[in-house]
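A.B. asks: Take a look at this one; I'll ask things after.
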Amino acid sequence: VMRNFWIILIVGVTLRIVLSLVTFHTDMLAFKLGGDIVASGKIFNLYDFSNQNIAVLNYPPPIYWVHGLVNFLFGGILAIGLLIKLPYLVFDLLIGYLLFKLFTQRRQAMIAFGLWILNPVSIYATYMMGQFDIIPTFFTVLSIYLVAKKRLILAALALGGGIAFKIYPVFLLIPLLFLSKTFWDKCKILSFAILPYVLSIAPYIGSASFRAQALFASQADKSLNAKIPVSGGEAILLFPACLMIFYFLLSGKKLDKLFFWKIYLIPLLLFFIFTHYHPQWLIWITPFLIIGLVSEFRKAVLPAALIFTSWFTSLFFFDPSLTLGMFTPIFAPLQNAQSIWVYLNLHPDYNLARSLIQTVFVAGSFYLIYYHFPRKNNA
């Protein structure tokens, strides 16, 4: 077993390093800029040094702190592409470790670890795109692990760590509150969950640049686009409505801490159902889909296959910089690469194709929501 463990680990890490060196996306320039500013000592006024000609710092402060620390420690000895992606490997491997520890049966633990280390979503999003969604994903998985260990305060703090990097784990806070029995316990969980975010933004609230660029993520509006018009400018916002319905249905249920990953998965699936999501965001739910595949393979395999297939297909309907154009470090002309459909001499209807892809995604997601929703009441 341990021999297989090390083989999987070595193959996975090697693949990550190689892809880190041969791919590049321009979004990484913002992390380089933020890391350079923090490493130079301008930590608490970093947003005032944002360079519109290079990149705009529109993410929360902790990600720039991470890059600043790595830049300070290793900036002189690592290639820039690897330097930007290097810190993510720590969080990546820790997720693999947590998935391994979540299973008591060694065979299941090994499969979960292997599926994570070799899964294409995190490899693509983290080591090709160079995005940092692996970090909040780690904190949500850590929160699940701590819930299973009945350490609710630490689980709330871990969830708060994820919120400090990206706001989406806030959707998981209400279900976590349902696990506490008293009002005082709920207040403690809420306080620890919002503490990392509050502490991380507090030094920057006075900065006009921070408030304009990073305090409110523009991508958050995407979850409000799906709506049913009522009259005039009034509409029912589908994601918030379904999220609240989920919370109402969940209240009063007896929630099993060992299977709480299902409760974290459902609101995230609702988000993806009603949102035109960025490719790197799918990493948020990948660990939970892997847990489902390992623990309930027959029920989970088809919907998981639909979700991953639709995600992979959707990549070819984004800008070419997210596919062929990422390999410019090894073939410079790809900087001007066109869509793969041009090279195949095909002319698909992008809107129809994206709609079909999302429909497939929604079918798999709704089935998982139905299948994983808890049905036992307190009575």
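Residues are referred to by chain and number: the chain letter is A, B, ... according to the order shown in the structure tokens, the number counts from 1 in that chain, and ligands are numbered separately from 1 in the order shown.
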Tell me, as a ChimeraX atom specification, which residues lie within 10 Å of stretch 232-238 of chain A, counting only C-alpha atoms; anything in the same chain fewer than 4 positions away does not count.
C.D. replies: /A:223-228,242-244,270-271,273-275
A.B. asks: Those same residues - N, CA and C atoms - I'd like them written as a PDB file, in the first residue's frame.
C.D. replies:
ATOM      1  N   SER A 223     -23.651  35.045  -9.721  1.00  0.00           N
ATOM      2  CA  SER A 223     -24.628  34.165  -9.081  1.00  0.00           C
ATOM      3  C   SER A 223     -26.021  34.783  -9.028  1.00  0.00           C
ATOM      4  N   LEU A 224     -26.141  36.069  -9.404  1.00  0.00           N
ATOM      5  CA  LEU A 224     -27.439  36.751  -9.377  1.00  0.00           C
ATOM      6  C   LEU A 224     -28.047  36.889 -10.764  1.00  0.00           C
ATOM      7  N   ASN A 225     -27.350  36.397 -11.783  1.00  0.00           N
ATOM      8  CA  ASN A 225     -27.827  36.574 -13.156  1.00  0.00           C
ATOM      9  C   ASN A 225     -29.029  35.691 -13.489  1.00  0.00           C
ATOM     10  N   ALA A 226     -29.078  34.502 -12.919  1.00  0.00           N
ATOM     11  CA  ALA A 226     -30.200  33.592 -13.190  1.00  0.00           C
ATOM     12  C   ALA A 226     -31.424  34.083 -12.427  1.00  0.00           C
ATOM     13  N   LYS A 227     -32.466  34.437 -13.153  1.00  0.00           N
ATOM     14  CA  LYS A 227     -33.635  35.034 -12.493  1.00  0.00           C
ATOM     15  C   LYS A 227     -34.904  34.771 -13.297  1.00  0.00           C
ATOM     16  N   ILE A 228     -36.022  34.904 -12.613  1.00  0.00           N
ATOM     17  CA  ILE A 228     -37.336  34.816 -13.264  1.00  0.00           C
ATOM     18  C   ILE A 228     -37.958  36.210 -13.211  1.00  0.00           C
ATOM     19  N   CYS A 242     -33.119  29.518  -3.954  1.00  0.00           N
ATOM     20  CA  CYS A 242     -32.897  28.083  -3.721  1.00  0.00           C
ATOM     21  C   CYS A 242     -32.003  27.847  -2.504  1.00  0.00           C
ATOM     22  N   LEU A 243     -31.055  28.731  -2.295  1.00  0.00           N
ATOM     23  CA  LEU A 243     -30.173  28.602  -1.135  1.00  0.00           C
ATOM     24  C   LEU A 243     -30.967  28.753   0.156  1.00  0.00           C
ATOM     25  N   MET A 244     -31.848  29.734   0.194  1.00  0.00           N
ATOM     26  CA  MET A 244     -32.665  29.924   1.398  1.00  0.00           C
ATOM     27  C   MET A 244     -33.629  28.754   1.613  1.00  0.00           C
ATOM     28  N   LEU A 270     -25.702  24.177  -5.955  1.00  0.00           N
ATOM     29  CA  LEU A 270     -26.712  25.173  -6.304  1.00  0.00           C
ATOM     30  C   LEU A 270     -26.074  26.405  -6.935  1.00  0.00           C
ATOM     31  N   PHE A 271     -24.936  26.812  -6.398  1.00  0.00           N
ATOM     32  CA  PHE A 271     -24.210  27.955  -6.953  1.00  0.00           C
ATOM     33  C   PHE A 271     -23.831  27.695  -8.408  1.00  0.00           C
ATOM     34  N   ILE A 273     -25.108  25.533 -10.498  1.00  0.00           N
ATOM     35  CA  ILE A 273     -26.283  25.346 -11.347  1.00  0.00           C
ATOM     36  C   ILE A 273     -26.759  26.675 -11.926  1.00  0.00           C
ATOM     37  N   PHE A 274     -26.729  27.722 -11.112  1.00  0.00           N
ATOM     38  CA  PHE A 274     -27.296  29.006 -11.519  1.00  0.00           C
ATOM     39  C   PHE A 274     -26.242  30.060 -11.869  1.00  0.00           C
ATOM     40  N   THR A 275     -25.008  29.620 -12.125  1.00  0.00           N
ATOM     41  CA  THR A 275     -23.924  30.579 -12.368  1.00  0.00           C
ATOM     42  C   THR A 275     -23.100  30.159 -13.573  1.00  0.00           C
TER      43      THR A 275
END
A.B. asks: Would you list, as an mmCIF file with C-alpha atoms, in the first residue's frame, the residues of stretch 71-276 of chain A that end up in strand (DSSP E or B) under DSSP run on this structure's backbone?
C.D. replies:
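Everything below was put into result_6.cif:
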data_model
loop_
_atom_site.group_PDB
_atom_site.id
_atom_site.type_symbol
_atom_site.label_atom_id
_atom_site.label_comp_id
_atom_site.auth_asym_id
_atom_site.auth_seq_id
_atom_site.Cartn_x
_atom_site.Cartn_y
_atom_site.Cartn_z
ATOM 1 C CA LYS A 227 -33.635 35.034 -12.493
ATOM 2 C CA ILE A 228 -37.336 34.816 -13.264
ATOM 3 C CA PRO A 229 -38.757 38.210 -14.339
ATOM 4 C CA VAL A 230 -41.853 39.201 -12.387
ATOM 5 C CA SER A 231 -42.744 42.685 -13.599
ATOM 6 C CA GLU A 234 -38.435 43.051 -10.534
ATOM 7 C CA ALA A 235 -37.250 39.434 -10.690
ATOM 8 C CA ILE A 236 -36.829 36.364 -8.489
ATOM 9 C CA LEU A 237 -33.134 35.615 -8.052
ATOM 10 C CA LYS A 253 -32.839 17.841 10.482
#
A.B. asks: Go through A:Leu289, A:Ile357, A:Val66, A:Ala214 one by one, measure the shortest atom-to-atom distance of each to A:Phe312 using only C-alpha atoms, and give the residue with the smallest value.
C.D. replies: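 The shortest atom-to-atom distance to A:Phe312 comes from A:Ile357.
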A.B. asks: Using only C-alpha atoms, which of A:Lys254, A:Pro320, A:Leu306, A:Leu269 sits nearest A:Asn336?
C.D. replies: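 For A:Asn336, the nearest of the given residues is A:Pro320.
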A.B. asks: Pull the alpha helix (DSSP H) assignments for stretch 178-376 of chain A out of DSSP run on the backbone, and list those residues as a PyMOL selection string.
C.D. replies: chain A and resi 183-201+208-213+238-250+261-273+286-295+297-314+340-343+350-372
A.B. asks: Taking into account only C-alpha atoms, which residue in the set A:Leu157, A:Met110, A:Leu215, A:Ala304 is nearest to A:Lys188?
C.D. replies: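 Among the listed residues, the smallest separation from A:Lys188 belongs to A:Leu157.
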A.B. asks: When distances are computed from only C-alpha atoms, which of A:Ile201, A:Val362, A:Leu93, A:Leu115 shows the smallest separation from A:Ile63?
C.D. replies: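 Distance minimum relative to A:Ile63 lands on A:Ile201.
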A.B. asks: What is the distance between atom CA of A:Trp116 and atom CA of A:Met2, in Å to one decimal?
C.D. replies: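 Interatomic distance here is 16.4 Å.
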